[in-house]
Amino acid sequence: MSRLQGPLALKRKRPDSNSPSESLTEQERILYDVIRSKQDMGIWTRDMKRETNLPDNVVNKSLKSLQAKKLIKEVVNIQNKGRKHYMAAEFEPSKEISGGAWYVEGSLDTEFIDLLKDQCAKIIYKQRVATVEGILDVIRRTGIFKVEFSTQQIEEILRALVLDNVVMDVKSNGMGEFDSIPVGKVCYICTNKGVRGEPKAGAMASIPCGVCPRINLCTPDGIISPTTCVYYNKWLDF
Amino acid sequence: MVTPYGIKFAVHIVTSHFGNLVAKVCENLLKRGPLTLQQLVRFTELTSVQVKNSLLILIQHNCVQAFSAEQPDDIVNGQIQTQYLALFDNILHRLRFPKFLEMVSQELDKDCEQLLEGLLQHGRLTQEQMYERAKSFKSGVQNDARESFQKLVTARFIEQCPAPEPFVAEPSPDETPAKKRGAKSAKVVEVRKTLEQCVLEAAAPMEALRFSIMTNLEAENDTEMSKDSSPIMHAGEKRKSDTLELDGEFASDNKEVTLWRANFEEFIRCLRHKACVENVRARLDDGAAIVLRALLKATRAAENKVKMENSASLSLNSIFEEVMKSEAGRSMTLDRVRASLVQLGCPSSMAIDELYSVDLKNNIELARNDEVESIVLKRHGKDAYRMFRLLSKAGRLLETDKISDMTLVEKKDTPKILYKLWQDDYLYMEKVTVTVPRQLNFLLWKVNKTILYERVLDEMYHAALNLSLRTAYEMDQQKEVLAVPLAKRTGPLEKQCERIKKVKIYLESSLMKLDDAIMLFHDF
Ligand code: SF4
């Protein structure tokens, strides 16, 4: 769990650009300039070759040496993980390349997200009514996470929780439970299910046919039919 | 919406209640739209007598309505023909009889329930026939029965039967019967609906007569008069040769009498109200549920159709009065009632004599969402559930990447999940290609509720059919075991019996629950 230790998308210090880049060969310099010109978007090796007009082996060799000198780095492009993508060392991959704050090396950090979601839900269930700022404040004070979150990040987590139907977003009416919150401010309250509760299964979701992958193939006298159905056999196996 | 599996399920119900011949006639009517007797004979390949008898049964049980209209192809000789129209909704209501009975026993009493039960069993009865039936039960003092009858009429749970064969103005070419209503011809289904409405409207007794007992009593006293004024009598209207002699079947000596039947509309209205109240209880709290229940109960008679968008209006004082009538509401204060009304979406600043009305359409819509979402969750998992809810709330097209960001789902998985939902008809997809600066394809997604609901409803009918078929199959399998007398059921036999009992209860209660969901999408 790299995220728990390392800072989240913290801008790296610009390396002393003078010293290592002094000693570049002609081709390395051309390549480096192209890569650097792409800033936080980086560039795909194929495009590099096309733009620099350098032969394959030269490009490959130069890339290695630039990497060894820590001038460039390989990054994962979320749009196309198979393609080798390079970026000047001083840049952090843009959202388009990295997938955004929740991505680590091209993969969604679901474990981390789930942990954070869980915490947020717990806070809301404890406070009954909570605002983004309030939640952020609790997270900061408890110090469970070693990283700083922005309001926007917490909002994204809360939106996912709302979509999960774990919490609801409502506007404060300034009365009752909301009396400490300005009227009209969006706050989060619990749905009536408890933190881990699944939403109540509907009528269809509680019978085999309602969730059956083969319902389109199932006919009264067909090969797949309610009388021969294995899902029913299992369901009625008291 | 009458979907293909809806028709199959309806035919199944008719088959199990009235047998194959009747079902065959009914199936043709459901699939082809209204037909004449000759057409029915041709399509079913049954004899004319068989078809006639089947129609009589279907009409007796309110599953078919006859009407006369000028046949477009007969315009030349201006012939008026009797046609028969299957009433899909009423066929499905047969499934709900236990619910109707329970409602009457709760709202009125056991005697009323018994009276209604007879009516449901026989489809249509005269007042006298109902009393006769009541007499055969131990409680049967005529006066009690009369009282129960009165109560049922006052509560609008029973009504006078519609005219046997109203005349409907010549249907436009689109509405010609015998048009095949296939799987995808939604338009034709719509057209049929309007025709059905026309026929039902033409057949319905005048509002004043519908729930009036007086006319009937007068009719009983004065046969002469009834011949002219009975609501089901259409004096001067010549019957065609293929018209069924209903009167001969159900009334002695060809005397016109008033027939009564259960008023399904009222039952469905009550079930709708009940569903709304339970939704509110789950979504908000008991207080809001009590208030809504009181409001709906007090204004029920003011509703002129089942699918009311908003409840009828009532003043705060009247609402409070009604709330006080219920055991659970007695502890509520006026302020609490007012607060509950705010919860229910009524503006808070209303003066005491202002009228309150609650949005029911939205309530139903939320319940439908819940049902569909829970299917998505079970079938496609949590990520899909989030995506579906996002799109359902957004109500507009969203792009794949945006969906992935907003639901926190891995970018490479998102299109796959969306695609599956689309394949299942839960989503609508649109491809957009941009050529500048370079060619890029975007996929946009949206929830199309109209298409989705039709799809879900059809699956529900399919599932209901399967549940019924499975129940029949289980019972059939265990026929011999169940035939063993109770005393001899020991050891493994006893266990088997226990199992089959459980299975039966399980399947039947699932069907009832599923039927609630079907009503949610079809009737509410
Ligand atoms: S009967 Fe079985 S196979 Fe057919 S739809 Fe239902 S669960 Fe699926």
# chains A, B, ... in the order shown; residues from 1 in each chain; ligands from 1
call {"tool": "interface_residues", "arguments": {"of": "chain B", "to": "chain A", "cutoff": "9 Å", "atoms": "only C-alpha atoms", "output": "number ranges by chain"}}
result
B: 282-284, 370-380, 382-383, 385-390, 405-412, 459-460, 462-467, 469-470, 473-474, 499, 502-503, 506-507, 510-511, 513-517
call {"tool": "write_last_selection", "arguments": {"atoms": "N, CA and C atoms", "output": "compact mmCIF listing (two decimals), in the first residue's frame"}}
result
# COMPACT_ATOMS: atom_id res chain seq x y z
N ALA B 282 -40.43 3.00 4.67
CA ALA B 282 -39.04 2.54 4.51
C ALA B 282 -38.09 3.71 4.25
N ARG B 283 -38.57 4.66 3.50
CA ARG B 283 -37.71 5.76 3.08
C ARG B 283 -37.61 6.84 4.15
N LEU B 284 -38.73 7.17 4.77
CA LEU B 284 -38.72 8.22 5.79
C LEU B 284 -38.91 7.59 7.17
N ASP B 370 -35.83 1.38 -7.11
CA ASP B 370 -35.28 0.42 -6.15
C ASP B 370 -35.33 -1.00 -6.71
N GLU B 371 -36.46 -1.33 -7.28
CA GLU B 371 -36.64 -2.69 -7.80
C GLU B 371 -35.62 -2.97 -8.91
N VAL B 372 -35.51 -2.04 -9.85
CA VAL B 372 -34.60 -2.26 -10.98
C VAL B 372 -33.15 -2.29 -10.48
N GLU B 373 -32.83 -1.35 -9.60
CA GLU B 373 -31.45 -1.31 -9.10
C GLU B 373 -31.07 -2.60 -8.39
N SER B 374 -32.02 -3.15 -7.65
CA SER B 374 -31.67 -4.36 -6.92
C SER B 374 -31.44 -5.53 -7.88
N ILE B 375 -32.12 -5.49 -9.02
CA ILE B 375 -31.84 -6.53 -10.03
C ILE B 375 -30.42 -6.33 -10.58
N VAL B 376 -30.09 -5.08 -10.90
CA VAL B 376 -28.75 -4.79 -11.43
C VAL B 376 -27.68 -5.24 -10.45
N LEU B 377 -27.89 -4.94 -9.18
CA LEU B 377 -26.90 -5.30 -8.17
C LEU B 377 -26.71 -6.81 -8.13
N LYS B 378 -27.81 -7.54 -8.11
CA LYS B 378 -27.73 -9.00 -8.01
C LYS B 378 -27.13 -9.61 -9.28
N ARG B 379 -27.50 -9.06 -10.42
CA ARG B 379 -27.06 -9.67 -11.67
C ARG B 379 -25.67 -9.24 -12.09
N HIS B 380 -25.35 -7.98 -11.84
CA HIS B 380 -24.10 -7.47 -12.40
C HIS B 380 -23.10 -6.96 -11.37
N LYS B 382 -21.62 -4.82 -7.73
CA LYS B 382 -21.61 -3.49 -7.12
C LYS B 382 -21.19 -2.37 -8.06
N ASP B 383 -20.16 -2.64 -8.87
CA ASP B 383 -19.68 -1.59 -9.77
C ASP B 383 -20.78 -1.20 -10.75
N TYR B 385 -23.89 -1.58 -10.31
CA TYR B 385 -24.94 -0.93 -9.52
C TYR B 385 -24.68 0.56 -9.41
N ARG B 386 -23.42 0.91 -9.09
CA ARG B 386 -23.06 2.33 -8.98
C ARG B 386 -23.24 3.04 -10.31
N MET B 387 -22.77 2.39 -11.38
CA MET B 387 -22.89 3.02 -12.70
C MET B 387 -24.34 3.23 -13.08
N PHE B 388 -25.13 2.20 -12.82
CA PHE B 388 -26.54 2.30 -13.19
C PHE B 388 -27.22 3.41 -12.42
N ARG B 389 -26.91 3.49 -11.13
CA ARG B 389 -27.52 4.53 -10.32
C ARG B 389 -27.08 5.92 -10.77
N LEU B 390 -25.81 6.02 -11.14
CA LEU B 390 -25.30 7.30 -11.63
C LEU B 390 -26.08 7.73 -12.86
N ASP B 405 -14.69 7.70 -13.81
CA ASP B 405 -14.21 8.63 -12.78
C ASP B 405 -15.23 8.82 -11.67
N MET B 406 -16.47 8.96 -12.06
CA MET B 406 -17.49 9.30 -11.06
C MET B 406 -17.88 8.12 -10.18
N THR B 407 -17.67 6.92 -10.70
CA THR B 407 -18.07 5.76 -9.90
C THR B 407 -16.88 5.08 -9.25
N LEU B 408 -15.68 5.61 -9.54
CA LEU B 408 -14.44 5.02 -9.05
C LEU B 408 -14.33 3.54 -9.43
N VAL B 409 -14.49 3.31 -10.70
CA VAL B 409 -14.32 1.95 -11.23
C VAL B 409 -13.14 1.98 -12.21
N GLU B 410 -12.32 0.97 -12.15
CA GLU B 410 -11.15 0.84 -13.01
C GLU B 410 -11.50 1.15 -14.48
N LYS B 411 -10.65 2.02 -15.09
CA LYS B 411 -10.96 2.49 -16.45
C LYS B 411 -11.14 1.36 -17.45
N LYS B 412 -10.30 0.33 -17.33
CA LYS B 412 -10.39 -0.71 -18.35
C LYS B 412 -11.60 -1.63 -18.13
N GLU B 459 -39.80 -9.34 -18.23
CA GLU B 459 -39.06 -10.36 -17.46
C GLU B 459 -39.83 -10.77 -16.20
N MET B 460 -40.52 -9.81 -15.63
CA MET B 460 -41.31 -10.14 -14.44
C MET B 460 -42.43 -11.10 -14.79
N HIS B 462 -42.40 -13.14 -17.21
CA HIS B 462 -41.72 -14.40 -17.50
C HIS B 462 -41.41 -15.14 -16.18
N ALA B 463 -40.87 -14.40 -15.25
CA ALA B 463 -40.51 -15.00 -13.96
C ALA B 463 -41.76 -15.49 -13.23
N ALA B 464 -42.86 -14.73 -13.34
CA ALA B 464 -44.10 -15.14 -12.68
C ALA B 464 -44.62 -16.43 -13.30
N LEU B 465 -44.53 -16.48 -14.63
CA LEU B 465 -44.95 -17.70 -15.32
C LEU B 465 -44.11 -18.88 -14.85
N ASN B 466 -42.81 -18.67 -14.79
CA ASN B 466 -41.93 -19.74 -14.34
C ASN B 466 -42.23 -20.19 -12.92
N LEU B 467 -42.49 -19.22 -12.06
CA LEU B 467 -42.84 -19.57 -10.68
C LEU B 467 -44.09 -20.45 -10.65
N LEU B 469 -45.35 -22.27 -13.08
CA LEU B 469 -45.11 -23.58 -13.70
C LEU B 469 -44.34 -24.48 -12.75
N ARG B 470 -43.38 -23.88 -12.05
CA ARG B 470 -42.60 -24.69 -11.13
C ARG B 470 -43.47 -25.18 -9.97
N TYR B 473 -45.44 -28.02 -11.17
CA TYR B 473 -44.56 -29.18 -11.35
C TYR B 473 -44.24 -29.84 -10.01
N GLU B 474 -43.92 -29.03 -9.01
CA GLU B 474 -43.59 -29.58 -7.69
C GLU B 474 -44.78 -30.34 -7.12
N ARG B 499 -41.53 -30.97 3.44
CA ARG B 499 -40.77 -30.25 2.43
C ARG B 499 -41.72 -29.63 1.39
N LYS B 502 -43.44 -26.66 2.60
CA LYS B 502 -42.55 -25.49 2.63
C LYS B 502 -42.36 -24.93 1.22
N VAL B 503 -42.10 -25.83 0.29
CA VAL B 503 -41.88 -25.42 -1.09
C VAL B 503 -43.08 -24.63 -1.60
N TYR B 506 -43.27 -21.23 -0.03
CA TYR B 506 -42.15 -20.44 -0.54
C TYR B 506 -42.46 -19.91 -1.94
N LEU B 507 -42.90 -20.82 -2.80
CA LEU B 507 -43.17 -20.43 -4.18
C LEU B 507 -44.36 -19.48 -4.27
N SER B 510 -43.52 -16.05 -2.95
CA SER B 510 -42.66 -15.36 -3.90
C SER B 510 -43.48 -14.80 -5.05
N LEU B 511 -44.47 -15.57 -5.48
CA LEU B 511 -45.31 -15.11 -6.59
C LEU B 511 -46.11 -13.88 -6.17
N LYS B 513 -45.28 -11.70 -3.95
CA LYS B 513 -44.36 -10.57 -3.84
C LYS B 513 -44.01 -10.07 -5.24
N LEU B 514 -43.78 -11.00 -6.13
CA LEU B 514 -43.46 -10.62 -7.50
C LEU B 514 -44.64 -9.89 -8.13
N ASP B 515 -45.83 -10.32 -7.79
CA ASP B 515 -47.02 -9.67 -8.33
C ASP B 515 -47.11 -8.22 -7.84
N ASP B 516 -46.68 -7.98 -6.61
CA ASP B 516 -46.63 -6.59 -6.12
C ASP B 516 -45.75 -5.76 -7.05
N ALA B 517 -44.62 -6.35 -7.43
CA ALA B 517 -43.70 -5.63 -8.31
C ALA B 517 -44.31 -5.44 -9.69
call {"tool": "residues_around", "arguments": {"residues": "segment 205-211 of chain B", "least_positions_apart": "3", "cutoff": "7 Å", "atoms": "only C-alpha atoms", "output": "PDB file with N, CA, C and O atoms, in the first residue's frame"}}
result
ATOM      1  N   VAL B 153     -70.637  -1.878  -1.123  1.00  0.00           N
ATOM      2  CA  VAL B 153     -70.956  -0.887  -2.152  1.00  0.00           C
ATOM      3  C   VAL B 153     -70.476   0.492  -1.720  1.00  0.00           C
ATOM      4  O   VAL B 153     -69.877   1.227  -2.503  1.00  0.00           O
ATOM      5  N   ARG B 156     -67.130   1.044  -2.238  1.00  0.00           N
ATOM      6  CA  ARG B 156     -66.869   0.924  -3.680  1.00  0.00           C
ATOM      7  C   ARG B 156     -66.067  -0.319  -4.036  1.00  0.00           C
ATOM      8  O   ARG B 156     -65.376  -0.356  -5.046  1.00  0.00           O
ATOM      9  N   GLU B 159     -69.336  -3.165  -7.664  1.00  0.00           N
ATOM     10  CA  GLU B 159     -70.001  -2.209  -8.548  1.00  0.00           C
ATOM     11  C   GLU B 159     -70.991  -2.953  -9.445  1.00  0.00           C
ATOM     12  O   GLU B 159     -70.922  -4.174  -9.579  1.00  0.00           O
ATOM     13  N   GLN B 160     -71.867  -2.190 -10.071  1.00  0.00           N
ATOM     14  CA  GLN B 160     -72.758  -2.794 -11.047  1.00  0.00           C
ATOM     15  C   GLN B 160     -71.973  -3.156 -12.298  1.00  0.00           C
ATOM     16  O   GLN B 160     -71.040  -2.457 -12.682  1.00  0.00           O
ATOM     17  N   PRO B 162     -70.857  -3.637 -16.126  1.00  0.00           N
ATOM     18  CA  PRO B 162     -70.981  -2.741 -17.273  1.00  0.00           C
ATOM     19  C   PRO B 162     -72.006  -3.279 -18.269  1.00  0.00           C
ATOM     20  O   PRO B 162     -72.434  -4.425 -18.172  1.00  0.00           O
ATOM     21  N   ALA B 163     -72.351  -2.446 -19.212  1.00  0.00           N
ATOM     22  CA  ALA B 163     -73.281  -2.862 -20.257  1.00  0.00           C
ATOM     23  C   ALA B 163     -72.697  -4.055 -21.003  1.00  0.00           C
ATOM     24  O   ALA B 163     -71.493  -4.109 -21.235  1.00  0.00           O
ATOM     25  N   PRO B 231     -79.860  -0.393 -16.083  1.00  0.00           N
ATOM     26  CA  PRO B 231     -78.669   0.142 -16.747  1.00  0.00           C
ATOM     27  C   PRO B 231     -78.072  -0.831 -17.770  1.00  0.00           C
ATOM     28  O   PRO B 231     -77.342  -0.404 -18.647  1.00  0.00           O
TER      29      PRO B 231
END
call {"tool": "atom_distance", "arguments": {"atom1": "atom CA of Leu46 of chain B", "atom2": "atom CA of Leu58 of chain B"}}
result
15.8 Å
call {"tool": "residues_around", "arguments": {"residues": "Arg96 of chain B", "least_positions_apart": "5", "cutoff": "12 Å", "atoms": "only C-alpha atoms", "output": "number ranges by chain"}}
result
B: 13, 89-91, 101-103, 120, 262, 264, 267-268, 271, 508-509, 511-516, 518-519
call {"tool": "write_last_selection", "arguments": {"atoms": "C-alpha atoms", "output": "PDB file, in the first residue's frame"}}
result
ATOM      1  CA  ILE B  13     -53.749 -18.137 -15.644  1.00  0.00           C
ATOM      2  CA  ASP B  89     -55.638  -6.485 -16.622  1.00  0.00           C
ATOM      3  CA  ASN B  90     -58.688  -8.280 -15.327  1.00  0.00           C
ATOM      4  CA  ILE B  91     -57.146 -11.654 -16.134  1.00  0.00           C
ATOM      5  CA  LEU B 101     -60.109 -10.493   0.196  1.00  0.00           C
ATOM      6  CA  GLU B 102     -57.566  -9.639   2.819  1.00  0.00           C
ATOM      7  CA  MET B 103     -58.134  -5.974   2.201  1.00  0.00           C
ATOM      8  CA  LEU B 120     -65.010 -13.368  -6.999  1.00  0.00           C
ATOM      9  CA  ALA B 262     -65.922  -6.772  -7.746  1.00  0.00           C
ATOM     10  CA  PHE B 264     -61.029  -4.077  -9.411  1.00  0.00           C
ATOM     11  CA  PHE B 267     -58.847  -2.628  -5.077  1.00  0.00           C
ATOM     12  CA  ILE B 268     -55.906  -1.614  -7.205  1.00  0.00           C
ATOM     13  CA  LEU B 271     -53.098  -1.528  -3.118  1.00  0.00           C
ATOM     14  CA  GLU B 508     -46.577 -18.948  -3.589  1.00  0.00           C
ATOM     15  CA  SER B 509     -45.377 -16.135  -1.378  1.00  0.00           C
ATOM     16  CA  LEU B 511     -45.305 -15.112  -6.588  1.00  0.00           C
ATOM     17  CA  MET B 512     -47.385 -12.748  -4.474  1.00  0.00           C
ATOM     18  CA  LYS B 513     -44.362 -10.573  -3.841  1.00  0.00           C
ATOM     19  CA  LEU B 514     -43.458 -10.623  -7.502  1.00  0.00           C
ATOM     20  CA  ASP B 515     -47.023  -9.672  -8.326  1.00  0.00           C
ATOM     21  CA  ASP B 516     -46.630  -6.593  -6.125  1.00  0.00           C
ATOM     22  CA  ILE B 518     -45.699  -6.313 -11.471  1.00  0.00           C
ATOM     23  CA  MET B 519     -48.439  -4.002 -10.236  1.00  0.00           C
TER      24      MET B 519
END
call {"tool": "atom_distance", "arguments": {"atom1": "atom CA of Lys122 of chain A", "atom2": "atom CA of Lys185 of chain A"}}
result
20.7 Å
call {"tool": "select_by_dssp", "arguments": {"residues": "segment 26-203 of chain A", "states": "strand (DSSP E)", "output": "list in words"}}
result
Ile43, Trp44, Ile72, Lys73, Glu74, Val75, His85, Tyr86, Met87, Ala88, Tyr103, Val104, Ser107, Leu108, Val129, Ala130, Val167, Met168, Asp169, Val170, Lys171, Val186, Cys187, Tyr188, Ile189 and Cys190 of chain A
call {"tool": "closest_residue", "arguments": {"among": "A:Asp114, A:Ala130, A:Leu217, A:Phe145", "to": "Lys171 of chain A", "atoms": "only C-alpha atoms"}}
result
A:Ala130
call {"tool": "atom_distance", "arguments": {"atom1": "atom CA of Thr471 of chain B", "atom2": "atom CA of Cys270 of chain B"}}
result
28.3 Å
call {"tool": "closest_residue", "arguments": {"among": "A:Lys70, A:Arg214, A:Arg128, A:Arg140", "to": "Ala88 of chain A", "atoms": "only C-alpha atoms"}}
result
A:Lys70
call {"tool": "residues_around", "arguments": {"residues": "segment 146-149 of chain B", "least_positions_apart": "2", "cutoff": "9 Å", "atoms": "only C-alpha atoms", "output": "count of residues only"}}
result
19
call {"tool": "residues_around", "arguments": {"residues": "Pro55 of chain A", "least_positions_apart": "5", "cutoff": "12 Å", "atoms": "only C-alpha atoms", "output": "ChimeraX atom specification"}}
result
/A:27,31,45-46,48-50,60-62
call {"tool": "write_last_selection", "arguments": {"atoms": "all heavy atoms", "output": "short mmCIF file (atom, residue, chain, number, x, y, z; two decimals), in the first residue's frame"}}
result
data_model
loop_
_atom_site.label_atom_id
_atom_site.label_comp_id
_atom_site.auth_asym_id
_atom_site.auth_seq_id
_atom_site.Cartn_x
_atom_site.Cartn_y
_atom_site.Cartn_z
N GLN A 27 22.27 12.73 -29.97
CA GLN A 27 20.97 12.04 -30.12
C GLN A 27 20.18 12.06 -28.81
O GLN A 27 18.97 12.24 -28.81
CB GLN A 27 21.16 10.58 -30.56
CG GLN A 27 21.60 10.43 -31.98
CD GLN A 27 23.09 10.12 -32.07
OE1 GLN A 27 23.87 10.44 -31.16
NE2 GLN A 27 23.48 9.51 -33.18
N LEU A 31 16.38 13.57 -28.28
CA LEU A 31 15.32 12.73 -27.70
C LEU A 31 14.78 13.36 -26.42
O LEU A 31 13.57 13.45 -26.21
CB LEU A 31 15.89 11.33 -27.42
CG LEU A 31 14.86 10.22 -27.25
CD1 LEU A 31 14.04 10.06 -28.52
CD2 LEU A 31 15.56 8.92 -26.91
N THR A 45 6.90 5.56 -27.33
CA THR A 45 8.16 5.32 -28.05
C THR A 45 7.99 5.43 -29.57
O THR A 45 8.84 5.99 -30.26
CB THR A 45 8.73 3.92 -27.72
OG1 THR A 45 7.65 3.03 -27.55
CG2 THR A 45 9.57 3.96 -26.47
N ARG A 46 6.89 4.90 -30.10
CA ARG A 46 6.67 4.96 -31.55
C ARG A 46 6.63 6.41 -32.03
O ARG A 46 7.21 6.77 -33.05
CB ARG A 46 5.35 4.29 -31.92
CG ARG A 46 5.42 2.82 -32.16
CD ARG A 46 5.72 2.48 -33.62
NE ARG A 46 4.55 2.55 -34.49
CZ ARG A 46 3.55 1.67 -34.46
NH1 ARG A 46 3.57 0.66 -33.61
NH2 ARG A 46 2.55 1.78 -35.29
N MET A 48 7.95 8.92 -30.55
CA MET A 48 9.31 9.48 -30.40
C MET A 48 10.12 9.22 -31.65
O MET A 48 10.75 10.11 -32.20
CB MET A 48 10.04 8.69 -29.29
CG MET A 48 10.06 9.33 -27.95
SD MET A 48 10.96 8.16 -26.91
CE MET A 48 9.78 7.98 -25.63
N LYS A 49 10.06 7.96 -32.07
CA LYS A 49 10.85 7.58 -33.24
C LYS A 49 10.42 8.39 -34.45
O LYS A 49 11.24 8.82 -35.25
CB LYS A 49 10.68 6.08 -33.52
CG LYS A 49 11.45 5.25 -32.51
CD LYS A 49 11.04 3.78 -32.54
CE LYS A 49 11.59 3.08 -31.31
NZ LYS A 49 11.01 1.74 -31.12
N ARG A 50 9.13 8.60 -34.57
CA ARG A 50 8.64 9.34 -35.72
C ARG A 50 9.06 10.79 -35.64
O ARG A 50 9.56 11.39 -36.59
CB ARG A 50 7.11 9.25 -35.77
CG ARG A 50 6.57 9.13 -37.18
CD ARG A 50 5.06 9.27 -37.22
NE ARG A 50 4.58 10.39 -36.45
CZ ARG A 50 3.68 10.28 -35.46
NH1 ARG A 50 3.19 9.09 -35.16
NH2 ARG A 50 3.29 11.35 -34.80
N ASN A 60 16.44 3.34 -28.58
CA ASN A 60 16.43 2.44 -27.42
C ASN A 60 17.63 2.67 -26.51
O ASN A 60 17.51 2.69 -25.29
CB ASN A 60 16.40 0.98 -27.89
CG ASN A 60 15.06 0.67 -28.55
OD1 ASN A 60 14.09 1.41 -28.37
ND2 ASN A 60 15.03 -0.38 -29.33
N LYS A 61 18.81 2.83 -27.15
CA LYS A 61 20.02 3.03 -26.36
C LYS A 61 19.96 4.35 -25.59
O LYS A 61 20.25 4.41 -24.39
CB LYS A 61 21.25 3.03 -27.30
CG LYS A 61 22.46 2.34 -26.68
CD LYS A 61 23.62 2.32 -27.65
CE LYS A 61 24.55 3.49 -27.35
NZ LYS A 61 25.40 3.85 -28.50
N SER A 62 19.53 5.39 -26.29
CA SER A 62 19.46 6.70 -25.65
C SER A 62 18.48 6.70 -24.49
O SER A 62 18.72 7.32 -23.45
CB SER A 62 19.02 7.76 -26.66
OG SER A 62 19.84 7.70 -27.80
#
call {"tool": "closest_residue", "arguments": {"among": "A:Cys120, A:Leu63, A:Ile43, A:Met175", "to": "Ile135 of chain A", "atoms": "only C-alpha atoms"}}
result
A:Cys120
call {"tool": "select_by_dssp", "arguments": {"residues": "segment 7-167 of chain A", "states": "alpha helix (DSSP H)", "output": "PyMOL selection string"}}
result
chain A and resi 18-22+26-37+45-52+56-68+95-98+110-127+132-142+151-163
call {"tool": "closest_residue", "arguments": {"among": "A:Ile123, A:Cys187, A:Ala101, A:Asn53", "to": "Gln153 of chain A", "atoms": "only C-alpha atoms"}}
result
A:Ala101
call {"tool": "residues_around", "arguments": {"residues": "Ile57 of chain B", "least_positions_apart": "6", "cutoff": "12 Å", "atoms": "only C-alpha atoms", "output": "list of chain:residue names"}}
result
B:Val14, B:His17, B:Phe18, B:Gly19, B:Leu21, B:Val22, B:Ala23, B:Val25, B:Cys26, B:Gln50, B:Val51, B:Cys63, B:Val64, B:Gln65, B:Gln121, B:His122, B:Gly123, B:Arg124, B:Leu244, B:Leu246, B:Glu249, B:Phe250
